[in-house]
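A.B. asks: Structure file run_37.cif (mmCIF, C-alpha atoms) right here:
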data_start
#
loop_
_atom_site.label_atom_id
_atom_site.label_comp_id
_atom_site.auth_asym_id
_atom_site.auth_seq_id
_atom_site.Cartn_x
_atom_site.Cartn_y
_atom_site.Cartn_z
CA MET A 1 88.42 90.34 114.94
CA ALA A 2 90.19 93.13 113.09
CA VAL A 3 93.69 93.98 114.05
CA ASP A 4 94.16 97.51 115.22
CA ARG A 5 97.16 99.71 115.33
CA ASP A 6 96.97 99.75 119.10
CA GLU A 7 98.04 96.12 119.28
CA MET A 8 101.14 96.72 117.20
CA LEU A 9 102.02 99.85 119.14
CA ARG A 10 101.37 98.11 122.45
CA VAL A 11 103.87 95.39 121.55
CA LEU A 12 106.51 97.85 120.34
CA ARG A 13 106.03 99.86 123.53
CA ALA A 14 106.43 96.69 125.60
CA PHE A 15 109.65 95.83 123.74
CA GLU A 16 111.08 99.21 124.64
CA ALA A 17 109.87 99.10 128.24
CA ALA A 18 111.43 95.67 128.73
CA GLY A 19 114.76 96.88 127.31
CA LEU A 20 114.67 94.18 124.63
CA ASP A 21 117.59 94.14 122.20
CA TYR A 22 115.87 93.51 118.89
CA VAL A 23 115.71 94.65 115.31
CA LEU A 24 112.64 94.47 113.10
CA ILE A 25 113.11 92.91 109.70
CA GLY A 26 110.59 91.91 107.04
CA ALA A 27 107.51 93.80 105.92
CA THR A 28 107.05 95.60 109.21
CA ALA A 29 110.53 97.11 108.90
CA MET A 30 109.81 97.94 105.27
CA GLY A 31 106.71 99.79 106.42
CA PHE A 32 108.85 102.07 108.58
CA HIS A 33 110.83 102.93 105.45
CA GLY A 34 107.71 103.73 103.43
CA VAL A 35 107.73 100.53 101.37
CA VAL A 36 104.25 99.40 102.23
CA ARG A 37 102.76 95.97 101.72
CA ALA A 38 100.41 93.94 103.90
CA THR A 39 101.77 91.23 106.14
CA GLU A 40 100.46 88.82 108.72
CA ASP A 41 103.59 88.53 110.78
CA VAL A 42 106.15 90.63 112.57
CA ASP A 43 109.69 89.37 111.99
CA LEU A 44 112.47 90.26 114.38
CA PHE A 45 115.96 89.29 115.35
CA VAL A 46 116.72 89.30 119.06
CA ARG A 47 120.10 89.32 120.73
CA ALA A 48 120.84 85.73 121.62
CA THR A 49 121.40 85.88 125.36
CA PRO A 50 119.34 84.30 128.15
CA ASP A 51 118.72 87.72 129.72
CA ASN A 52 117.41 89.11 126.45
CA ILE A 53 115.08 86.16 125.88
CA GLU A 54 113.70 86.79 129.37
CA ARG A 55 113.12 90.42 128.36
CA LEU A 56 111.25 89.17 125.29
CA ARG A 57 109.02 87.06 127.51
CA THR A 58 108.46 90.01 129.84
CA ALA A 59 107.42 92.18 126.88
CA PHE A 60 105.00 89.61 125.46
CA ARG A 61 103.48 88.98 128.88
CA ALA A 62 102.93 92.72 129.30
CA ALA A 63 101.44 93.13 125.84
CA TYR A 64 99.21 90.06 126.01
CA ALA A 65 97.87 89.99 129.57
CA ASN A 66 100.15 87.27 130.88
CA ASP A 67 99.33 84.81 128.12
CA PRO A 68 100.60 81.48 129.56
CA HIS A 69 101.88 80.39 126.14
CA VAL A 70 104.67 82.96 126.48
CA ASP A 71 106.34 80.57 128.94
CA GLU A 72 106.91 78.22 125.99
CA ILE A 73 109.40 80.72 124.53
CA ARG A 74 112.63 79.40 126.02
CA ALA A 75 116.21 80.59 125.88
CA GLU A 76 117.51 77.03 125.60
CA ASP A 77 115.57 76.67 122.34
CA LEU A 78 116.39 80.02 120.77
CA LEU A 79 120.03 79.75 121.79
CA GLY A 80 120.22 76.12 120.76
CA GLU A 81 118.47 73.86 118.32
CA TYR A 82 115.55 76.17 117.45
CA PRO A 83 116.78 79.60 116.30
CA SER A 84 113.30 80.47 115.02
CA VAL A 85 110.21 80.62 117.24
CA ARG A 86 106.75 81.60 116.09
CA TYR A 87 104.36 83.08 118.64
CA TYR A 88 100.64 83.34 117.92
CA PRO A 89 99.18 85.68 120.55
CA PRO A 90 95.61 85.49 121.83
CA SER A 91 94.40 88.37 119.66
CA GLY A 92 94.59 85.98 116.71
CA ASP A 93 95.24 88.64 114.10
CA LEU A 94 98.97 88.54 113.63
CA TYR A 95 101.95 86.53 114.77
CA PHE A 96 105.60 87.02 115.60
CA ASP A 97 108.57 85.26 114.04
CA VAL A 98 111.38 85.65 116.54
CA MET A 99 114.84 84.66 115.36
CA THR A 100 118.29 84.60 116.88
CA HIS A 101 119.94 84.01 113.53
CA LEU A 102 119.12 83.20 109.93
CA GLY A 103 121.47 80.33 109.14
CA GLU A 104 124.98 81.72 108.90
CA MET A 105 123.65 84.71 106.97
CA ALA A 106 122.41 87.16 109.58
CA SER A 107 121.73 87.80 113.25
CA PHE A 108 120.92 90.69 115.57
CA GLU A 109 124.60 91.57 115.70
CA THR A 110 125.21 91.55 111.94
CA VAL A 111 122.13 93.37 110.61
CA ASP A 112 122.65 97.10 110.09
CA SER A 113 119.87 98.98 111.82
CA GLU A 114 118.58 102.39 112.76
CA VAL A 115 116.11 103.72 115.31
CA LYS A 116 112.74 105.08 114.17
CA ALA A 117 110.12 106.71 116.34
CA VAL A 118 106.38 106.17 116.31
CA GLU A 119 104.15 107.79 118.93
CA GLY A 120 107.18 108.35 121.12
CA ILE A 121 108.22 104.70 120.94
CA HIS A 122 111.76 104.01 119.78
CA VAL A 123 111.84 101.12 117.35
CA ARG A 124 115.00 99.54 115.97
CA VAL A 125 114.55 98.54 112.33
CA ALA A 126 116.89 97.09 109.75
CA THR A 127 118.14 99.62 107.21
CA PRO A 128 116.82 99.43 103.65
CA ALA A 129 120.16 98.05 102.46
CA ALA A 130 120.16 95.40 105.19
CA LEU A 131 116.60 94.39 104.27
CA TYR A 132 117.61 94.20 100.63
CA ARG A 133 120.54 91.91 101.48
CA LEU A 134 118.28 89.67 103.57
CA LYS A 135 115.60 89.40 100.92
CA LYS A 136 117.53 89.12 97.69
CA GLY A 137 119.18 85.86 98.73
CA THR A 138 116.08 83.94 99.76
CA VAL A 139 113.82 81.64 97.78
CA ARG A 140 110.33 83.04 98.36
CA PRO A 141 108.94 84.94 95.35
CA LEU A 142 107.48 87.47 97.78
CA ASP A 143 110.97 88.21 99.08
CA HIS A 144 112.19 88.79 95.55
CA GLN A 145 109.36 91.29 95.03
CA ASP A 146 110.31 93.00 98.28
CA ALA A 147 113.95 93.14 97.21
CA ALA A 148 112.96 94.67 93.88
CA MET A 149 110.81 97.32 95.63
CA LEU A 150 113.61 98.20 98.05
CA ARG A 151 116.16 98.34 95.27
CA LYS A 152 114.01 100.69 93.21
CA ARG A 153 112.89 102.89 96.10
CA PHE A 154 116.36 103.38 97.59
CA ASP A 155 118.39 103.05 94.40
CA LEU A 156 120.28 100.08 95.84
CA LYS A 157 122.94 98.20 93.93
CA ASP A 158 123.80 94.52 94.07
CA GLU A 159 126.86 95.32 96.15
CA ASP A 160 124.56 96.92 98.75
CA MET B 1 95.34 114.69 92.05
CA PRO B 2 92.26 112.75 93.10
CA VAL B 3 91.30 111.67 89.57
CA GLN B 4 93.66 110.33 86.93
CA LYS B 5 92.66 109.33 83.40
CA PHE B 6 94.35 106.73 81.23
CA ARG B 7 94.04 105.73 77.61
CA SER B 8 94.85 102.08 78.36
CA VAL B 9 95.16 99.56 81.15
CA GLU B 10 98.89 99.46 80.44
CA ALA B 11 99.17 103.19 81.06
CA MET B 12 97.15 102.82 84.23
CA ASN B 13 99.36 100.03 85.52
CA ALA B 14 102.49 102.01 84.70
CA ALA B 15 101.38 105.05 86.65
CA PRO B 16 103.01 105.28 90.06
CA ALA B 17 100.55 105.02 92.91
CA PRO B 18 100.65 108.28 94.82
CA ALA B 19 101.59 107.78 98.45
CA SER B 20 99.00 109.03 100.86
CA ALA B 21 99.94 111.56 103.44
CA GLY B 22 101.15 110.69 106.88
CA PRO B 23 104.01 108.80 108.45
CA PRO B 24 105.01 105.63 106.55
CA PHE B 25 104.36 103.31 109.49
CA GLU B 26 100.81 104.63 109.86
CA ARG B 27 100.21 103.90 106.17
CA PHE B 28 101.60 100.41 106.73
CA LEU B 29 99.24 99.82 109.66
CA ARG B 30 96.22 101.04 107.69
CA HIS B 31 97.19 98.84 104.75
CA CYS B 32 97.53 95.77 106.98
CA ALA B 33 94.21 96.52 108.67
CA ARG B 34 92.47 96.57 105.30
CA TYR B 35 94.17 93.34 104.27
CA TRP B 36 93.22 91.58 107.49
CA ALA B 37 89.64 92.81 107.15
CA ILE B 38 89.34 91.54 103.58
CA ALA B 39 91.17 88.25 104.14
CA PRO B 40 90.77 87.23 107.76
CA ARG B 41 92.76 84.20 108.86
CA GLU B 42 92.31 81.79 111.68
CA TYR B 43 95.62 81.07 113.31
CA PRO B 44 96.56 78.41 115.80
CA ARG B 45 97.46 79.57 119.29
CA GLY B 46 100.72 79.29 121.10
CA VAL B 47 104.40 78.87 120.36
CA PHE B 48 106.02 76.81 117.59
CA LYS B 49 109.74 76.13 117.19
CA PHE B 50 111.76 75.65 114.04
CA ARG B 51 115.27 74.44 113.35
CA SER B 52 115.58 76.48 110.16
CA ILE B 53 113.90 79.22 108.17
CA GLU B 54 112.81 76.56 105.67
CA GLU B 55 110.92 74.72 108.40
CA ALA B 56 109.31 77.97 109.51
CA GLN B 57 108.20 78.83 105.98
CA ALA B 58 106.76 75.36 105.41
CA ALA B 59 104.71 75.70 108.60
CA ARG B 60 103.52 79.13 107.49
CA GLN B 61 102.29 77.66 104.20
CA ARG B 62 100.47 74.84 105.96
CA VAL B 63 98.58 77.38 108.08
CA ALA B 64 97.83 79.56 105.04
CA GLN B 65 96.38 76.60 103.12
CA ARG B 66 94.04 75.46 105.88
#
What does this structure look like when you write it as structure tokens?
C.D. replies:
Amino acid sequence: MAVDRDEMLRVLRAFEAAGLDYVLIGATAMGFHGVVRATEDVDLFVRATPDNIERLRTAFRAAYANDPHVDEIRAEDLLGEYPSVRYYPPSGDLYFDVMTHLGEMASFETVDSEVKAVEGIHVRVATPAALYRLKKGTVRPLDHQDAAMLRKRFDLKDED
Amino acid sequence: MPVQKFRSVEAMNAAPAPASAGPPFERFLRHCARYWAIAPREYPRGVFKFRSIEEAQAARQRVAQR
């Protein structure tokens, strides 16, 4: 089954409708800034509160026809021992990496972000400089390539 | 400029790829759709939990190598 843009937009619309506090990071956020590469996942930080995790569940249920697996996304995990949760929805074409924090390095509260609009949907995405900071310090070669692309495109410096 | 000519592969690789028209996010979605069509993956279903980003990346690699 081929992914279609409607799925991505449906999820982003559901995030907004649920009032989810989130910020997109990773390749999806880069796409909003015009740095385009393919990805299989949608990475996002969410505000680490029980109410916000419930909003996340509400959004995923709305976007994926009450998929029962959504009930396995639990605040006690994301706010406790498991700050990273991966959700594979029934469409089978992409997946979501939901994080409350990335070690001590970053969280919803610490990542600089801005709001972009697509088809009337307001989407909070990490700024290019914030994405660069996230990616330049990691170990994946792909992240280093991303950091290099962001640095070149936005004329970022190491201190950014 | 629909057609570009190059005297060498090196010159071709050095040429910046012109960005197509349209909003950046739409280009991103089209690019992903092509990628997914060329290299479809079969993912597991459900929710998986990780204690660290390293655990999450290791799980991602295991799925990619299946």
A.B. asks: Compile the residues of chain A that lie within 8 Å of chain B, evaluated using only C-alpha atoms, and express the compilation as JSON, numbers by chain.
C.D. replies: {"A": [2, 3, 4, 5, 28, 31, 32, 33, 34, 35, 36, 37, 38, 39, 40, 69, 70, 72, 73, 77, 81, 82, 83, 84, 85, 86, 87, 88, 89, 90, 92, 93, 102, 103, 118]}
A.B. asks: If I take CA of Asp158 in chain A and CA of Glu10 in chain B, how far is one from the other in Å, to one decimal?
C.D. replies: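 Between CA of Asp158 in chain A and CA of Glu10 in chain B the gap is 28.8 Å.
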A.B. asks: Adding 4 Å on each side of the box along x, y and z that holds all listed atoms of range 45-56 of chain B, could you give its centre and edge lengths in Å to one decimal, as lines of an AutoDock Vina configuration file?
C.D. replies:
center_x = 106.5
center_y = 77.0
center_z = 113.4
size_x = 26.1
size_y = 13.1
size_z = 23.4
A.B. asks: Separation of CA of Arg57 in chain A and CA of Asp97 in chain A, in Å?
C.D. replies: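 It comes out at 13.6 Å.
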A.B. asks: Tell me, in Å to one decimal, how far CA of Lys136 in chain A is from CA of Ala75 in chain A.
C.D. replies: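 Atom-to-atom, CA of Lys136 in chain A to CA of Ala75 in chain A, that is 29.5 Å.
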A.B. asks: Run through the PyMOL selection byres ((chain A and resi 7) around 10) on the given coordinates and return the selected residues as a CSV table (one decimal) with C-alpha atoms, in the coordinates of the input.
C.D. replies:
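expr_20.csv was written with the following content:
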chain,number,residue,atom,x,y,z
A,3,VAL,CA,93.7,94.0,114.0
A,4,ASP,CA,94.2,97.5,115.2
A,5,ARG,CA,97.2,99.7,115.3
A,6,ASP,CA,97.0,99.8,119.1
A,8,MET,CA,101.1,96.7,117.2
A,9,LEU,CA,102.0,99.8,119.1
A,10,ARG,CA,101.4,98.1,122.4
A,11,VAL,CA,103.9,95.4,121.6
A,12,LEU,CA,106.5,97.8,120.3
A,13,ARG,CA,106.0,99.9,123.5
A,63,ALA,CA,101.4,93.1,125.8
A,64,TYR,CA,99.2,90.1,126.0
A,91,SER,CA,94.4,88.4,119.7
A,93,ASP,CA,95.2,88.6,114.1
A,94,LEU,CA,99.0,88.5,113.6
A.B. asks: What would the list of residues within 10 Å of (115.1, 104.6, 115.4) (file frame) look like as JSON, numbers by chain, if only C-alpha atoms are what count?
C.D. replies: {"A": [23, 32, 113, 114, 115, 116, 117, 118, 121, 122, 123, 124, 125, 126]}
A.B. asks: Can you tell me, as a CSV table (one decimal) with C-alpha atoms, in the frame of the given file, what residues are no more than 8 Å from range 151-156 of chain A when counting all atoms listed in the file, ignoring any on the same chain fewer than 5 positions away?
C.D. replies:
chain,number,residue,atom,x,y,z
A,35,VAL,CA,107.7,100.5,101.4
A,128,PRO,CA,116.8,99.4,103.6
A,129,ALA,CA,120.2,98.0,102.5
A,132,TYR,CA,117.6,94.2,100.6
A.B. asks: Here's a test: counting all atoms listed in the file, identify every protein, DNA and RNA residue with an atom at most 10 Å from (110.2, 90.3, 105.8) in the file's coordinate frame, and state them as a ChimeraX atom specification.
C.D. replies: /A:24-30,39,41-44,97,131-132,134-135,142-143,146-147
A.B. asks: What would the file look like if the residues just selected were written as a tab-separated table (two decimals), in the frame of the given file with C-alpha atoms?
C.D. replies:
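For reference, result.tsv as written:
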chain	number	residue	atom	x	y	z
A	24	LEU	CA	112.64	94.47	113.10
A	25	ILE	CA	113.11	92.91	109.70
A	26	GLY	CA	110.59	91.91	107.04
A	27	ALA	CA	107.51	93.80	105.92
A	28	THR	CA	107.05	95.60	109.21
A	29	ALA	CA	110.53	97.11	108.90
A	30	MET	CA	109.81	97.94	105.27
A	39	THR	CA	101.77	91.23	106.14
A	41	ASP	CA	103.59	88.53	110.78
A	42	VAL	CA	106.15	90.63	112.57
A	43	ASP	CA	109.69	89.37	111.99
A	44	LEU	CA	112.47	90.26	114.38
A	97	ASP	CA	108.57	85.26	114.04
A	131	LEU	CA	116.60	94.39	104.27
A	132	TYR	CA	117.61	94.20	100.63
A	134	LEU	CA	118.28	89.67	103.57
A	135	LYS	CA	115.60	89.40	100.92
A	142	LEU	CA	107.48	87.47	97.78
A	143	ASP	CA	110.97	88.21	99.08
A	146	ASP	CA	110.31	93.00	98.28
A	147	ALA	CA	113.95	93.14	97.21
